[in-house]
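J.: Let me give you the structure first, and then I'll get to my questions.
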Amino acid sequence: MRRLTIIAFLLGSLALGWTVIPKATPSEPPPPDDPAHGLVYSGLRRGAGAGACRGNFEIAGLRDNGHRSICTHGPDPAPPGVDIRQSVQPVSATAPAIQAPAGGVAPQGSVPCDGDGASGYRLQLIYARASNVTDRYNQYAGSFQQWAGAIDSAFSKSAAETGGDRHVRFVHDASCNAVIDRVTLSTSGDDSFSNTLNELRSKGYSRTDRKYLVWADAKVYCGIAQVYYDDSAGQANDSNGSTSVQGELARVDSGCWGQASSAEAHELVHTLGGVQTSAPNATPKNHCRDEYDRLCYPDGSGGSMKYVCPSSHEPLLDCNHDDYFSTAPPSGSYLATHWNIANSRFLLTTGATPAPTTTTPTTSTTTTTRPPATTTTAPTTTVPPTTVPPTTMPPTTQPPSTTTSVPTAPPPSAPVGLYAMQPTQTGAKGVVLFWSPPSAPNGTITGYKVYRGTAPTGLTLLTTTEAGITHTDATATSGQLYYYQLSAVNSAGEGPLSPLARMVAR
């Protein structure tokens with residue numbers, strides 16, 4: 001009789017369009033691998049259905065602070081049309097336009113400014129490759145900055161839907177460019193999520209006040225991330241920088257980098273605590289069923305998808321803002337009484353602060369970041385006072401011919417996307433700079449002035465280069481942290497300085 005009852009229940013459930021998923025046990029193996037779609041389960045094992053990982057997966061052999069299971073929802077498959085075996089091509093180094101935070105303060109670099117860029121709860125970006133994989137950091141550095149901006153845009157635009165303002169708190173430099181650490185793993189460090197997590201922790205990426213997002217130069221996954229099962233509403237939530245959690249890791253491999261609907265934002269949301277399985281439209285695998293949004297898709301855990309929001313909402317978070325993200329949840333609603341990632345310490349809630357004004361000088365030749373003795377450029381479109389002494393030649397008697405030397409257009413704008421990195425050639429020393437040329441309204445750019453210092457202010461002229469998009473500072477002292485800025489020069493004179501870039505010399 002009991003068997004007949006169970007069969008009847010199963011048939012009834014299937015008739016309603018639901019797949020019944022029995023609770024997993026630790027002895028149940030993961031599904032078979034599907035490498036073509038990024039579904040690889042090496043290093044993962046089933047967690048008990050009533051345990052810390054809720055029947056999904058835990059990292060075999062690793063614990064948080066030695067005693068706590070490390071959970072993941074498992075690998076996310078590649079979207080339709082994406083082949084994880086084909087790396088995404090780099091994009092222009094031009095930084096994207098980021099939506100201004102509350103108060104109208106426009107960010108200066110690729111991400112919004114927040115204080116000193118290092119203290120407090122933040123997202124640390126990492127480029128990681130195995131030691132037997134070619135280092136492509138230089139090739140993608142500009143793209144990483146754009147993709148960082150796209151991550152932030154997903155949060156800021158989503159917050160605006162409920163009348164709020166949220167931005168990701170990145171680790172950033174003095175000019176508000178995201179800091180992207182460059183990490184080399186062992187030859188097997190990219191083989192699995194567990195290997196990557198283990199090796200990064202051994203290198204010190206285990207801070208409780210950090211989330212870590214890794215652009216892995218590998219072709220194993222589309223994306224995968226840690227997630228903690230805690231739906232409590234308070235700031236002590238496990239996903240909110242708990243002292244018992246040694247940071248949380250999200251990994252996106254090269255076939256899914258920088259998609260129009262950001263895989264990076266999807267995996268970051270998991271580390272922030274979304275989607276809790278208790279949410280109204282949640283799946284057992286930490287996604288949602290009410291399309292369209294970044295965390296919703298048929299993940300194989302059963303249930304019918306509901307199409308509530310337009311397909312244009314796919315790049316944004318939480319269709320109807322009732323499952324994991326809302327800046328204004330109604331009183332008594334699920335997000336008012338359960339974990340809401342809009343309340344995360346890893347997000348800015350009051351707007352960003354401007355970058356230090358001393359790091360972005362104007363075109364004035366008297367600014368302290370440029371040595372006056374080396375500045376030989378013409379001023380702006382006005383005639384310099386020294387060329388027309390008032391006592392000998394009043395403006396009304398000045399010969400018209402003297403005005404022909406005055407530029408008819410301003411100097412070039414600031415160079416775009418200045419980045420600094422260590423040389424990749426074996427035995428090479430110093431710091432390598434590269435950038436994209438700015439617009440030059442008064443003719444072809446004839447060269448660039450490179451400024452350098454060991455602090456973010458008071459940089460001095462290092463050299464003047466010929467027109468190009470790269471320069472190697474071979475005079476840099478190994479182990480010293482340097483700051484760089486760049487200006488472009490043409491027949492109209494020298495333009496404004498770029499934002500700061502920084503790097504420790506090799």
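By order in the structure tokens, chains are A, B, ...; within a chain, residues start at 1; ligands start at 1, following the order shown.
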Taking 4 positions as the minimum chain separation for residues in the same chain, which residues sit within 7 Å of Asn281 of chain A when counting only C-alpha atoms? Answer as an mmCIF file with N, CA and C atoms, in the first residue's frame.
T.:
```
data_model
loop_
_atom_site.group_PDB
_atom_site.id
_atom_site.type_symbol
_atom_site.label_atom_id
_atom_site.label_comp_id
_atom_site.auth_asym_id
_atom_site.auth_seq_id
_atom_site.Cartn_x
_atom_site.Cartn_y
_atom_site.Cartn_z
ATOM 1 N N CYS A 288 16.684 30.630 -9.859
ATOM 2 C CA CYS A 288 15.282 31.014 -9.744
ATOM 3 C C CYS A 288 14.532 30.609 -10.999
ATOM 4 N N ARG A 289 13.193 30.602 -10.882
ATOM 5 C CA ARG A 289 12.352 30.130 -11.979
ATOM 6 C C ARG A 289 11.573 31.240 -12.665
ATOM 7 N N ASP A 290 11.619 32.456 -12.125
ATOM 8 C CA ASP A 290 10.843 33.550 -12.730
ATOM 9 C C ASP A 290 11.753 34.388 -13.617
ATOM 10 N N ASP A 323 13.167 37.818 -4.672
ATOM 11 C CA ASP A 323 13.876 36.588 -4.309
ATOM 12 C C ASP A 323 15.237 36.808 -3.654
#
```
J.: Give one line per residue of segment 261-342 of chain A that approaches segment 62-76 of chain A to at most 10 Å, naming the two atoms of the closest pair and their distance in Å to one decimal, counting only C-alpha atoms; sort by chain then ascending residue number and deliver it as a tab-separated table.
T.:
```
residue	atom	partner	partner_atom	distance
A:Ala263	CA	A:Asp76	CA	9.3
A:His266	CA	A:Asp76	CA	9.6
A:Glu267	CA	A:Asp76	CA	8.9
A:His270	CA	A:His73	CA	8.4
A:Thr271	CA	A:Thr72	CA	9.2
A:Pro284	CA	A:His73	CA	8.8
A:Lys285	CA	A:His73	CA	5.5
A:Asn286	CA	A:His73	CA	6.4
A:His287	CA	A:His73	CA	9.0
A:Tyr297	CA	A:Asp76	CA	9.9
A:Asp299	CA	A:Asp76	CA	8.0
```
J.: Write out the residues from the selection above, keeping C-alpha atoms, as a PDB file, in the first residue's frame.
T.:
```pdb
ATOM      1  CA  ALA A 263      28.663  35.410 -16.047  1.00  0.00           C
ATOM      2  CA  HIS A 266      25.998  35.752 -11.852  1.00  0.00           C
ATOM      3  CA  GLU A 267      28.769  34.021  -9.921  1.00  0.00           C
ATOM      4  CA  HIS A 270      26.193  33.417  -5.421  1.00  0.00           C
ATOM      5  CA  THR A 271      29.084  34.467  -3.184  1.00  0.00           C
ATOM      6  CA  PRO A 284      17.196  23.738  -5.015  1.00  0.00           C
ATOM      7  CA  LYS A 285      20.402  24.708  -6.867  1.00  0.00           C
ATOM      8  CA  ASN A 286      20.380  28.379  -5.849  1.00  0.00           C
ATOM      9  CA  HIS A 287      18.806  29.783  -8.988  1.00  0.00           C
ATOM     10  CA  TYR A 297      17.456  29.498 -15.819  1.00  0.00           C
ATOM     11  CA  ASP A 299      19.125  24.333 -13.960  1.00  0.00           C
TER      12      ASP A 299
END
```
J.: Which residues are close to Leu316 of chain A, i.e. within 12 Å by only C-alpha atoms, leaving aside same-chain residues fewer than 3 positions away? Reply as an NGL selection string.
T.: :A and (150-161 or 260-263 or 265-266 or 269 or 291-296 or 309-313 or 319-321 or 325-326)
J.: Could you save the residues just selected, with C-alpha atoms, as a CSV table (one decimal), in the first residue's frame?
T.:
```
chain,number,residue,atom,x,y,z
A,150,ALA,CA,29.9,45.7,-16.5
A,151,ILE,CA,29.7,43.8,-13.2
A,152,ASP,CA,29.1,47.1,-11.3
A,153,SER,CA,26.6,48.2,-14.0
A,154,ALA,CA,24.4,45.1,-13.4
A,155,PHE,CA,24.1,46.0,-9.7
A,156,SER,CA,23.6,49.7,-10.2
A,157,LYS,CA,21.0,49.4,-12.9
A,158,SER,CA,19.1,46.7,-10.9
A,159,ALA,CA,19.1,48.9,-7.8
A,160,ALA,CA,17.7,51.8,-9.8
A,161,GLU,CA,14.6,49.6,-10.6
A,260,ALA,CA,26.6,40.5,-22.7
A,261,SER,CA,24.8,38.9,-19.7
A,262,SER,CA,27.6,38.9,-17.3
A,263,ALA,CA,28.7,35.4,-16.0
A,265,ALA,CA,27.9,39.1,-12.0
A,266,HIS,CA,26.0,35.8,-11.9
A,269,VAL,CA,25.7,37.0,-6.6
A,291,GLU,CA,12.6,34.8,-15.9
A,292,TYR,CA,14.2,36.9,-17.0
A,293,ASP,CA,17.2,37.8,-14.8
A,294,ARG,CA,20.9,36.9,-14.3
A,295,LEU,CA,20.2,34.1,-11.8
A,296,CYS,CA,17.2,32.4,-13.5
A,309,CYS,CA,9.8,40.0,-16.9
A,310,PRO,CA,10.8,40.9,-20.5
A,311,SER,CA,13.9,39.3,-22.1
A,312,SER,CA,15.6,42.7,-22.0
A,313,HIS,CA,15.8,42.2,-18.2
A,319,CYS,CA,12.9,39.8,-11.8
A,320,ASN,CA,10.2,41.5,-9.7
A,321,HIS,CA,12.8,42.0,-6.9
A,325,PHE,CA,17.9,41.7,-4.4
A,326,SER,CA,15.8,44.7,-3.6
```
J.: Would you kindly return, as a list of chain:residue names, each protein, DNA or RNA residue with an atom no farther than 10 Å from any atom of Leu500 of chain A, considering only C-alpha atoms and excluding same-chain residues fewer than 6 positions away?
T.: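 Answer for this query is A:Gly109, A:Asp173, A:Ala174, A:Ser175, A:Cys176, A:Asn177, A:Thr359, A:Thr360, A:Gly417, A:Leu418, A:Tyr419, A:Ala420, A:Tyr451, A:Arg452, A:Pro456, A:Thr457, A:Tyr483, A:Tyr484, A:Gln485, A:Leu486.
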J.: Can you work out the spacing between atom CA of Phe170 of chain A and atom CA of Gln145 of chain A in Å, to one decimal?
T.: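 Going from atom CA of Phe170 of chain A over to atom CA of Gln145 of chain A, I get 11.4 Å.
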J.: Going by DSSP on the backbone, which residues of segment 226-265 of chain A come out as helix (DSSP H, G or I)? List them as a PyMOL selection string.
T.: chain A and resi 254-256+263-265
J.: Compile the contact shell of segment 332-341 of chain A as a list of chain:residue names: residues with an atom at most 9 Å away, counting only C-alpha atoms, same-chain residues fewer than 4 positions apart removed.
T.: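 My reading of the contact set: A:Asp230, A:Asp231, A:Ser232, A:Ala233, A:Gly234, A:Gln235, A:Asn237, A:Ser239, A:Asn240, A:Val269, A:Leu272, A:Gly273, A:Gly274, A:Gln276, A:Ser278, A:Ala279, A:Pro280, A:His321, A:Asp322, A:Asp323, A:Tyr324, A:Phe325, A:Ser326, A:Thr327, A:Ala328, A:Arg345, A:Leu347.
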J.: Which parts of segment 158-320 of chain A does DSSP call strand (DSSP E or B) when run on the backbone here, written out as a PyMOL selection string?
T.: chain A and resi 167-168+170+172+178+180-185+210-216+223-226+248-253+282+288+290-291+296+306-307
J.: Have a look at A:Val133, A:Ile445, A:Leu481, A:Leu268 and name the one nearest to Met421 of chain A; count only C-alpha atoms.
T.: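 Closest residue, counting only C-alpha atoms: A:Leu481.
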J.: Taking into account only C-alpha atoms, which residue in the set A:Tyr205, A:Tyr137, A:Tyr121, A:Phe144 is nearest to Ser344 of chain A?
T.: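 Selected residue with least distance to Ser344 of chain A: A:Tyr121.
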J.: Report as a PyMOL selection string all protein, DNA and RNA residues lying within 10 Å of Ala36 of chain A, evaluated on only C-alpha atoms, omitting residues in the same chain fewer than 3 positions from it.
T.: chain A and resi 33+39-40+77-78+82-85+219-222
